[in-house]
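Trainee: First, the structure itself, so that you have it in front of you.
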Amino acid sequence: MTDISQHESDLLKSYAEASGFRLGWAKFRKHKLAVVSLYIVGFLYILAIFAEFMSPYHHSDINRRHVLAPPQVVHFVDHGGGVSWPYVRELKSERDPITRRLSYVEDVETKHTLRLFAPSEPYEMWGFIPLETRFLGISEPKRGATMFLLGTDTLGRDVLSRIIRGARISLSIGLVGVALSFVIGIVLGGMSGYYGGWVDTAVQRTIDFLQSLPTIPLWMGLAAAVPPGQDPIVTYLMITVILSIIGWTGIARVVRGRFLALREEDFVLAARISGASEIRIILRHMVPSFASHIIASLTLSIPEMILAETALSFLGLGLQSPAVSWGVLLKDAQSLQVISQAPWLLIPGLAVVITVLAFNFLGDGLRDASDPYGKT
């Protein structure tokens with residue numbers, strides 16, 4: 001009994017002496033879905049950052065011999081029934097003599113072994129680092145040998161490579177857009193909650209006006225301001241600004257509420273009495289006191305930005321080819337005829353779903369971790 005009491009005493013002591021970060025991390029780890037989502041989000045951003053290296057092919061390479069080719073099956077068993085190193089078989093095209101519909105069958109006589117860090121055609125990482133190796137490929141590339149793990153599109157381009165390359169824009173537009181919304185929301189929401197009066201009224205009425213506008217017509221109106229035929233980078237920046245203009249209202253409301261609750265706290269009054277400037281009070285005392293809550297809110301805002309960009313590009317109001325994003329890829333799957341013949345073109349939609357769910361679960365875990373003393 002004494003040992004148990006001593007153990008409990010040690011636990012209470014370690015709990016009392018633990019930092020807020022350690023307590024938050026311990027609570028975050030209890031949220032299993034959030035931990036898994038953290039790894040998924042990290043993996044997705046690694047794919048986006050090193051997209052050229054992680055893609056089996058260049059995202060714009062056209063293979064006219066394999067238009068709308070289905071995903072190639074990865075085999076692990078050889079002809080003799082024994083376990084083999086993963087390989088794919090070559091696809092041969094056949095055309096139905098009656099319907100003239102093109103179909104593909106595996107050539108059992110071919111075998112292309114997969115390997116990591118496979119040789120490839122020369123390319124440039126990030127546009128300036130020359131490489132001749134890709135993360136996954138065929139061990140001995142031959143003329144006509146292919147590895148389309150997720151099939152090809154209407155022009156014979158590898159879907160997997162385009163999804164990986166599209167992740168760079170779709171995921172980064174969420175970070176950049178949320179960062180801009182964060183700045184706008186902190187400034188306007190902080191001013192609204194700290195000063196009150198006519199400043200609060202003006203900011204809140206602006207938020208009410210923006211939130212009352214229907215989303216799709218608002219997107220259409222703002223996207224119409226983007227001149228057609230612009231460079232994809234310019235269009236990307238314009239779309240990011242548009243999404244930030246729309247997306248700052250929620251964060252501003254959160255910041256305002258926190259500022260209203262904190263501006264009469266003792267530590268804020270003490271800072272005023274000591275002669276601290278208003279900027280110092282806001283940035284050094286008030287904002288850090290609920291920074292973890294803001295981080296959780298921002299994490300939940302990133303998937304909204306991703307969905308907004310995907311919707312704009314899907315509707316033809318956002319990014320356009322040759323730019324590659326998940327919304328642009330889904331636009332290629334608008335035709336029912338294409339979907340019936342090539343359902344694998346909807347896989348970018350699955351990437352969007354996985355990413356949004358991962359960010360939502362991650363945001364839930366961060367929200368719990370931001371209040372380590374609350375109930376689980």
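By order in the structure tokens, chains are A, B, ...; within a chain, residues start at 1; ligands start at 1, following the order shown.
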Need the shell around region 309-318 of chain A: protein/DNA/RNA residues with any atom at most 9 Å away, counting only C-alpha atoms. Skip same-chain ones fewer than 4 positions apart. Format as a PyMOL selection string?

Mentor: chain A and resi 170+173-174+216+219-220+223-224+226+235-236+239-240+243+304-305+325-332+334+352

Trainee: Would you mind exporting the chosen residues as a short mmCIF file (atom, residue, chain, number, x, y, z; two decimals), in the first residue's frame, restricted to C-alpha atoms?

Mentor:
```cif
data_model
loop_
_atom_site.label_atom_id
_atom_site.label_comp_id
_atom_site.auth_asym_id
_atom_site.auth_seq_id
_atom_site.Cartn_x
_atom_site.Cartn_y
_atom_site.Cartn_z
CA SER A 170 -3.05 21.87 -53.54
CA ILE A 173 -2.15 26.81 -51.35
CA GLY A 174 -3.69 25.70 -48.06
CA ILE A 216 -20.02 29.96 -55.18
CA TRP A 219 -15.84 32.76 -55.88
CA MET A 220 -17.05 33.28 -59.43
CA ALA A 223 -12.12 34.56 -59.94
CA ALA A 224 -13.39 36.67 -62.84
CA VAL A 226 -8.05 36.97 -62.65
CA THR A 235 -2.83 32.57 -61.25
CA TYR A 236 -1.75 30.53 -58.23
CA ILE A 239 -6.23 32.28 -56.22
CA THR A 240 -4.39 32.26 -52.89
CA LEU A 243 -9.18 32.43 -50.79
CA GLU A 304 -11.19 24.39 -46.15
CA MET A 305 -8.61 26.17 -48.30
CA SER A 325 -3.48 20.56 -58.93
CA TRP A 326 -5.98 18.06 -57.63
CA GLY A 327 -8.82 20.29 -58.79
CA VAL A 328 -7.37 20.47 -62.30
CA LEU A 329 -7.04 16.66 -62.36
CA LEU A 330 -10.64 16.20 -61.24
CA LYS A 331 -11.77 18.52 -64.00
CA ASP A 332 -10.51 15.90 -66.47
CA GLN A 334 -16.10 15.54 -65.54
CA VAL A 352 -8.52 15.22 -51.40
#
```

Trainee: Skip region 64-73 of chain A itself and residues of its chain fewer than 5 positions away, then list as a list in words all residues within 6 Å of it, counting only C-alpha atoms.

Mentor: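 What passes the distance filter is Phe148, Leu149, Leu150, Gly151, Thr152, Asp153, Thr154, Leu155 and Gly156 of chain A.
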
Trainee: Save out the residues we just selected, N, CA and C atoms, as a PDB file, in the first residue's frame.

Mentor:
```pdb
ATOM      1  N   PHE A 148       2.636   2.111 -64.809  1.00  0.00           N
ATOM      2  CA  PHE A 148       1.531   3.018 -64.500  1.00  0.00           C
ATOM      3  C   PHE A 148       0.718   2.413 -63.359  1.00  0.00           C
ATOM      4  N   LEU A 149       1.116   2.681 -62.144  1.00  0.00           N
ATOM      5  CA  LEU A 149       0.478   2.050 -60.984  1.00  0.00           C
ATOM      6  C   LEU A 149      -0.939   2.545 -60.758  1.00  0.00           C
ATOM      7  N   LEU A 150      -1.256   3.753 -61.223  1.00  0.00           N
ATOM      8  CA  LEU A 150      -2.614   4.284 -61.107  1.00  0.00           C
ATOM      9  C   LEU A 150      -3.212   4.590 -62.469  1.00  0.00           C
ATOM     10  N   GLY A 151      -2.659   3.998 -63.528  1.00  0.00           N
ATOM     11  CA  GLY A 151      -3.196   4.179 -64.861  1.00  0.00           C
ATOM     12  C   GLY A 151      -2.754   5.489 -65.505  1.00  0.00           C
ATOM     13  N   THR A 152      -3.350   5.782 -66.652  1.00  0.00           N
ATOM     14  CA  THR A 152      -3.026   6.998 -67.403  1.00  0.00           C
ATOM     15  C   THR A 152      -4.317   7.749 -67.721  1.00  0.00           C
ATOM     16  N   ASP A 153      -4.150   9.003 -68.148  1.00  0.00           N
ATOM     17  CA  ASP A 153      -5.317   9.827 -68.470  1.00  0.00           C
ATOM     18  C   ASP A 153      -5.582   9.821 -69.968  1.00  0.00           C
ATOM     19  N   THR A 154      -6.383  10.771 -70.430  1.00  0.00           N
ATOM     20  CA  THR A 154      -6.806  10.797 -71.830  1.00  0.00           C
ATOM     21  C   THR A 154      -5.669  11.105 -72.795  1.00  0.00           C
ATOM     22  N   LEU A 155      -4.547  11.594 -72.284  1.00  0.00           N
ATOM     23  CA  LEU A 155      -3.389  11.863 -73.143  1.00  0.00           C
ATOM     24  C   LEU A 155      -2.248  10.884 -72.902  1.00  0.00           C
ATOM     25  N   GLY A 156      -2.471   9.881 -72.060  1.00  0.00           N
ATOM     26  CA  GLY A 156      -1.434   8.904 -71.777  1.00  0.00           C
ATOM     27  C   GLY A 156      -0.451   9.355 -70.717  1.00  0.00           C
TER      28      GLY A 156
END
```

Trainee: Give the answer as one residue: which of A:Leu102, A:Val203, A:Val287, A:Ala271 has the shortest atom-to-atom distance to Ala342 (chain A), using only C-alpha atoms?

Mentor: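 Under the stated criterion, the closest residue is A:Leu102.
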
Trainee: I'd like to know which residues of region 98-313 of chain A are strand (DSSP E) (by DSSP, run on the backbone); could you write them as number ranges by chain?

Mentor: A: 102-106, 112-125, 129-138

Trainee: Give me a file of those residues, with N, CA and C atoms, as a PDB file, in the first residue's frame.

Mentor:
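This went into part-v4.pdb:
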```pdb
ATOM      1  N   LEU A 102     -11.159   0.394 -77.161  1.00  0.00           N
ATOM      2  CA  LEU A 102      -9.792   0.002 -76.849  1.00  0.00           C
ATOM      3  C   LEU A 102      -9.730  -0.582 -75.452  1.00  0.00           C
ATOM      4  N   SER A 103      -9.057  -1.710 -75.317  1.00  0.00           N
ATOM      5  CA  SER A 103      -8.860  -2.337 -74.019  1.00  0.00           C
ATOM      6  C   SER A 103      -7.406  -2.789 -73.900  1.00  0.00           C
ATOM      7  N   TYR A 104      -7.009  -3.099 -72.673  1.00  0.00           N
ATOM      8  CA  TYR A 104      -5.620  -3.490 -72.416  1.00  0.00           C
ATOM      9  C   TYR A 104      -5.597  -4.817 -71.672  1.00  0.00           C
ATOM     10  N   VAL A 105      -4.630  -5.659 -72.044  1.00  0.00           N
ATOM     11  CA  VAL A 105      -4.417  -6.940 -71.373  1.00  0.00           C
ATOM     12  C   VAL A 105      -2.938  -7.057 -71.031  1.00  0.00           C
ATOM     13  N   GLU A 106      -2.650  -7.837 -70.005  1.00  0.00           N
ATOM     14  CA  GLU A 106      -1.266  -8.026 -69.597  1.00  0.00           C
ATOM     15  C   GLU A 106      -0.553  -8.997 -70.525  1.00  0.00           C
ATOM     16  N   HIS A 112       8.675  -6.619 -65.660  1.00  0.00           N
ATOM     17  CA  HIS A 112       9.466  -5.435 -65.327  1.00  0.00           C
ATOM     18  C   HIS A 112       9.557  -5.325 -63.799  1.00  0.00           C
ATOM     19  N   THR A 113      10.723  -5.607 -63.289  1.00  0.00           N
ATOM     20  CA  THR A 113      10.939  -5.606 -61.839  1.00  0.00           C
ATOM     21  C   THR A 113      11.009  -4.180 -61.315  1.00  0.00           C
ATOM     22  N   LEU A 114      10.328  -3.936 -60.217  1.00  0.00           N
ATOM     23  CA  LEU A 114      10.345  -2.619 -59.588  1.00  0.00           C
ATOM     24  C   LEU A 114      11.526  -2.503 -58.637  1.00  0.00           C
ATOM     25  N   ARG A 115      12.023  -1.297 -58.507  1.00  0.00           N
ATOM     26  CA  ARG A 115      13.117  -1.059 -57.572  1.00  0.00           C
ATOM     27  C   ARG A 115      13.063   0.374 -57.078  1.00  0.00           C
ATOM     28  N   LEU A 116      13.621   0.563 -55.897  1.00  0.00           N
ATOM     29  CA  LEU A 116      13.748   1.903 -55.349  1.00  0.00           C
ATOM     30  C   LEU A 116      14.991   2.572 -55.916  1.00  0.00           C
ATOM     31  N   PHE A 117      14.942   3.895 -56.021  1.00  0.00           N
ATOM     32  CA  PHE A 117      16.056   4.681 -56.562  1.00  0.00           C
ATOM     33  C   PHE A 117      16.458   4.156 -57.939  1.00  0.00           C
ATOM     34  N   ALA A 118      15.445   4.090 -58.794  1.00  0.00           N
ATOM     35  CA  ALA A 118      15.639   3.544 -60.133  1.00  0.00           C
ATOM     36  C   ALA A 118      16.186   4.612 -61.077  1.00  0.00           C
ATOM     37  N   PRO A 119      16.959   4.202 -62.086  1.00  0.00           N
ATOM     38  CA  PRO A 119      17.453   5.170 -63.075  1.00  0.00           C
ATOM     39  C   PRO A 119      16.314   5.703 -63.924  1.00  0.00           C
ATOM     40  N   SER A 120      16.473   6.922 -64.400  1.00  0.00           N
ATOM     41  CA  SER A 120      15.423   7.554 -65.193  1.00  0.00           C
ATOM     42  C   SER A 120      16.048   8.523 -66.178  1.00  0.00           C
ATOM     43  N   GLU A 121      15.187   9.129 -66.982  1.00  0.00           N
ATOM     44  CA  GLU A 121      15.640  10.183 -67.876  1.00  0.00           C
ATOM     45  C   GLU A 121      16.091  11.395 -67.047  1.00  0.00           C
ATOM     46  N   PRO A 122      17.048  12.161 -67.544  1.00  0.00           N
ATOM     47  CA  PRO A 122      17.512  13.331 -66.772  1.00  0.00           C
ATOM     48  C   PRO A 122      16.380  14.332 -66.531  1.00  0.00           C
ATOM     49  N   TYR A 123      16.350  14.899 -65.349  1.00  0.00           N
ATOM     50  CA  TYR A 123      15.372  15.925 -64.998  1.00  0.00           C
ATOM     51  C   TYR A 123      15.994  16.822 -63.941  1.00  0.00           C
ATOM     52  N   GLU A 124      15.292  17.849 -63.549  1.00  0.00           N
ATOM     53  CA  GLU A 124      15.795  18.802 -62.568  1.00  0.00           C
ATOM     54  C   GLU A 124      14.851  18.892 -61.373  1.00  0.00           C
ATOM     55  N   MET A 125      15.409  18.670 -60.196  1.00  0.00           N
ATOM     56  CA  MET A 125      14.655  18.853 -58.962  1.00  0.00           C
ATOM     57  C   MET A 125      14.558  20.340 -58.646  1.00  0.00           C
ATOM     58  N   ILE A 129      18.354  21.427 -59.762  1.00  0.00           N
ATOM     59  CA  ILE A 129      19.219  20.331 -59.311  1.00  0.00           C
ATOM     60  C   ILE A 129      19.088  19.174 -60.300  1.00  0.00           C
ATOM     61  N   PRO A 130      20.108  18.894 -61.122  1.00  0.00           N
ATOM     62  CA  PRO A 130      20.005  17.811 -62.112  1.00  0.00           C
ATOM     63  C   PRO A 130      20.070  16.434 -61.439  1.00  0.00           C
ATOM     64  N   LEU A 131      19.143  15.555 -61.820  1.00  0.00           N
ATOM     65  CA  LEU A 131      19.104  14.192 -61.285  1.00  0.00           C
ATOM     66  C   LEU A 131      18.773  13.222 -62.402  1.00  0.00           C
ATOM     67  N   GLU A 132      19.144  11.968 -62.201  1.00  0.00           N
ATOM     68  CA  GLU A 132      18.804  10.897 -63.131  1.00  0.00           C
ATOM     69  C   GLU A 132      18.299   9.684 -62.374  1.00  0.00           C
ATOM     70  N   THR A 133      17.719   9.908 -61.213  1.00  0.00           N
ATOM     71  CA  THR A 133      17.209   8.841 -60.357  1.00  0.00           C
ATOM     72  C   THR A 133      15.853   9.248 -59.807  1.00  0.00           C
ATOM     73  N   ARG A 134      14.947   8.284 -59.748  1.00  0.00           N
ATOM     74  CA  ARG A 134      13.641   8.515 -59.138  1.00  0.00           C
ATOM     75  C   ARG A 134      13.429   7.509 -58.016  1.00  0.00           C
ATOM     76  N   PHE A 135      12.541   7.873 -57.099  1.00  0.00           N
ATOM     77  CA  PHE A 135      12.346   7.040 -55.914  1.00  0.00           C
ATOM     78  C   PHE A 135      11.880   5.636 -56.268  1.00  0.00           C
ATOM     79  N   LEU A 136      10.970   5.515 -57.227  1.00  0.00           N
ATOM     80  CA  LEU A 136      10.444   4.209 -57.620  1.00  0.00           C
ATOM     81  C   LEU A 136      10.390   4.142 -59.132  1.00  0.00           C
ATOM     82  N   GLY A 137      10.818   3.003 -59.662  1.00  0.00           N
ATOM     83  CA  GLY A 137      10.792   2.828 -61.104  1.00  0.00           C
ATOM     84  C   GLY A 137      11.079   1.396 -61.478  1.00  0.00           C
ATOM     85  N   ILE A 138      11.374   1.195 -62.752  1.00  0.00           N
ATOM     86  CA  ILE A 138      11.700  -0.132 -63.269  1.00  0.00           C
ATOM     87  C   ILE A 138      13.206  -0.322 -63.213  1.00  0.00           C
TER      88      ILE A 138
END
```

Trainee: Please identify all polymer residues within 12 Å of His293 (chain A), counting only C-alpha atoms, omitting same-chain residues fewer than 6 positions from it, and present them as a list of chain:residue names.

Mentor: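 These residues fall inside the cut-off: A:Gly24, A:Ile251, A:Val254, A:Val255, A:Gly257, A:Arg258, A:Val287, A:Thr299, A:Leu300, A:Gly363, A:Asp364, A:Gly365, A:Leu366, A:Arg367, A:Asp368, A:Ala369, A:Ser370, A:Asp371, A:Pro372.
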
Trainee: With only C-alpha atoms as the basis for distance, which of A:Ile184, A:Ile282, A:Leu218, A:Ile62 is at the shortest distance from Arg157 (chain A)?

Mentor: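 Between A:Ile184, A:Ile282, A:Leu218, A:Ile62, the residue approaching Arg157 (chain A) most closely is A:Ile62.
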
Trainee: Rounded to one decimal in Å, what is the spacing between CA of Ile169 (chain A) and CA of Ala225 (chain A)?

Mentor: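 Rounded to one decimal, the two atoms are 20.4 Å apart.
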
Trainee: If we count only C-alpha atoms and set the cut-off at 8 Å, which residues sit around Ala167 (chain A), ignoring sequence neighbours fewer than 5 positions away in its own chain? Please answer as a count of residues only.

Mentor: 7

Trainee: For each of A:Ile40, A:Tyr57, A:Ala308, A:Ser335, take the minimum atom-to-atom distance to Asp158 (chain A), counting only C-alpha atoms, then give the residue where this is smallest.

Mentor: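 Residue with the minimum atom-to-atom distance to Asp158 (chain A): A:Tyr57.
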
Trainee: Write down as a PDB file with C-alpha atoms, in the first residue's frame the residues belonging to region 20-195 of chain A that are assigned alpha helix (DSSP H) by DSSP computed on the backbone.

Mentor:
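part01.pdb, written as the output of this step:
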```pdb
ATOM      1  CA  GLY A  20       2.705  22.753 -20.829  1.00  0.00           C
ATOM      2  CA  PHE A  21       4.280  21.332 -23.975  1.00  0.00           C
ATOM      3  CA  ARG A  22       4.878  17.924 -22.364  1.00  0.00           C
ATOM      4  CA  LEU A  23       1.344  17.799 -21.009  1.00  0.00           C
ATOM      5  CA  GLY A  24      -0.074  18.794 -24.379  1.00  0.00           C
ATOM      6  CA  TRP A  25       2.036  16.228 -26.232  1.00  0.00           C
ATOM      7  CA  ALA A  26       0.987  13.492 -23.787  1.00  0.00           C
ATOM      8  CA  LYS A  27      -2.669  14.331 -24.382  1.00  0.00           C
ATOM      9  CA  PHE A  28      -2.154  14.556 -28.130  1.00  0.00           C
ATOM     10  CA  ARG A  29      -0.689  11.038 -28.221  1.00  0.00           C
ATOM     11  CA  LYS A  30      -3.850   9.680 -26.605  1.00  0.00           C
ATOM     12  CA  LYS A  32      -4.746   7.843 -31.940  1.00  0.00           C
ATOM     13  CA  LEU A  33      -6.411   9.182 -35.086  1.00  0.00           C
ATOM     14  CA  ALA A  34      -4.605  12.505 -34.634  1.00  0.00           C
ATOM     15  CA  VAL A  35      -1.241  10.734 -34.337  1.00  0.00           C
ATOM     16  CA  VAL A  36      -1.904   8.692 -37.487  1.00  0.00           C
ATOM     17  CA  SER A  37      -3.088  11.840 -39.257  1.00  0.00           C
ATOM     18  CA  LEU A  38       0.123  13.618 -38.266  1.00  0.00           C
ATOM     19  CA  TYR A  39       2.147  10.945 -40.065  1.00  0.00           C
ATOM     20  CA  ILE A  40      -0.176  11.070 -43.093  1.00  0.00           C
ATOM     21  CA  VAL A  41       0.079  14.858 -43.358  1.00  0.00           C
ATOM     22  CA  GLY A  42       3.857  14.697 -42.960  1.00  0.00           C
ATOM     23  CA  PHE A  43       4.082  12.038 -45.692  1.00  0.00           C
ATOM     24  CA  LEU A  44       1.915  14.111 -48.040  1.00  0.00           C
ATOM     25  CA  TYR A  45       4.092  17.175 -47.604  1.00  0.00           C
ATOM     26  CA  ILE A  46       7.240  15.113 -48.203  1.00  0.00           C
ATOM     27  CA  LEU A  47       5.651  13.964 -51.469  1.00  0.00           C
ATOM     28  CA  ALA A  48       4.816  17.562 -52.362  1.00  0.00           C
ATOM     29  CA  ILE A  49       8.261  18.960 -51.545  1.00  0.00           C
ATOM     30  CA  ALA A  51       7.503  15.749 -56.113  1.00  0.00           C
ATOM     31  CA  GLU A  52       9.966  15.474 -59.012  1.00  0.00           C
ATOM     32  CA  PHE A  53      11.955  12.740 -57.250  1.00  0.00           C
ATOM     33  CA  MET A  54       8.940  10.856 -55.864  1.00  0.00           C
ATOM     34  CA  VAL A 159      -1.947   9.593 -63.077  1.00  0.00           C
ATOM     35  CA  LEU A 160       0.261   8.822 -60.056  1.00  0.00           C
ATOM     36  CA  SER A 161       2.922  11.312 -61.169  1.00  0.00           C
ATOM     37  CA  ARG A 162       0.280  13.986 -61.743  1.00  0.00           C
ATOM     38  CA  ILE A 163      -1.313  13.403 -58.344  1.00  0.00           C
ATOM     39  CA  ILE A 164       2.061  13.748 -56.625  1.00  0.00           C
ATOM     40  CA  ARG A 165       2.887  16.893 -58.577  1.00  0.00           C
ATOM     41  CA  GLY A 166      -0.608  18.275 -57.962  1.00  0.00           C
ATOM     42  CA  ALA A 167      -0.074  17.844 -54.218  1.00  0.00           C
ATOM     43  CA  ARG A 168       2.533  20.611 -54.341  1.00  0.00           C
ATOM     44  CA  ILE A 169      -0.012  23.241 -55.379  1.00  0.00           C
ATOM     45  CA  SER A 170      -3.051  21.868 -53.538  1.00  0.00           C
ATOM     46  CA  LEU A 171      -1.215  21.492 -50.214  1.00  0.00           C
ATOM     47  CA  SER A 172       0.849  24.665 -50.436  1.00  0.00           C
ATOM     48  CA  ILE A 173      -2.149  26.810 -51.350  1.00  0.00           C
ATOM     49  CA  GLY A 174      -3.691  25.700 -48.057  1.00  0.00           C
ATOM     50  CA  LEU A 175      -0.624  26.781 -46.078  1.00  0.00           C
ATOM     51  CA  VAL A 176      -0.127  30.077 -47.916  1.00  0.00           C
ATOM     52  CA  GLY A 177      -3.822  30.917 -47.871  1.00  0.00           C
ATOM     53  CA  VAL A 178      -4.168  30.142 -44.166  1.00  0.00           C
ATOM     54  CA  ALA A 179      -1.015  32.154 -43.404  1.00  0.00           C
ATOM     55  CA  LEU A 180      -2.505  35.217 -45.104  1.00  0.00           C
ATOM     56  CA  SER A 181      -5.855  34.631 -43.400  1.00  0.00           C
ATOM     57  CA  PHE A 182      -4.005  34.250 -40.123  1.00  0.00           C
ATOM     58  CA  VAL A 183      -2.376  37.667 -40.485  1.00  0.00           C
ATOM     59  CA  ILE A 184      -5.625  39.383 -41.542  1.00  0.00           C
ATOM     60  CA  GLY A 185      -7.660  37.602 -38.875  1.00  0.00           C
ATOM     61  CA  ILE A 186      -5.190  38.336 -36.056  1.00  0.00           C
ATOM     62  CA  VAL A 187      -4.919  42.023 -36.965  1.00  0.00           C
ATOM     63  CA  LEU A 188      -8.604  42.761 -37.541  1.00  0.00           C
ATOM     64  CA  GLY A 189      -9.923  40.369 -34.900  1.00  0.00           C
ATOM     65  CA  GLY A 190      -7.398  41.659 -32.366  1.00  0.00           C
ATOM     66  CA  MET A 191      -8.313  45.279 -33.059  1.00  0.00           C
ATOM     67  CA  SER A 192     -12.003  44.410 -32.799  1.00  0.00           C
ATOM     68  CA  GLY A 193     -11.675  42.672 -29.453  1.00  0.00           C
ATOM     69  CA  TYR A 194      -9.061  44.932 -27.882  1.00  0.00           C
ATOM     70  CA  TYR A 195     -10.400  48.372 -28.763  1.00  0.00           C
TER      71      TYR A 195
END
```
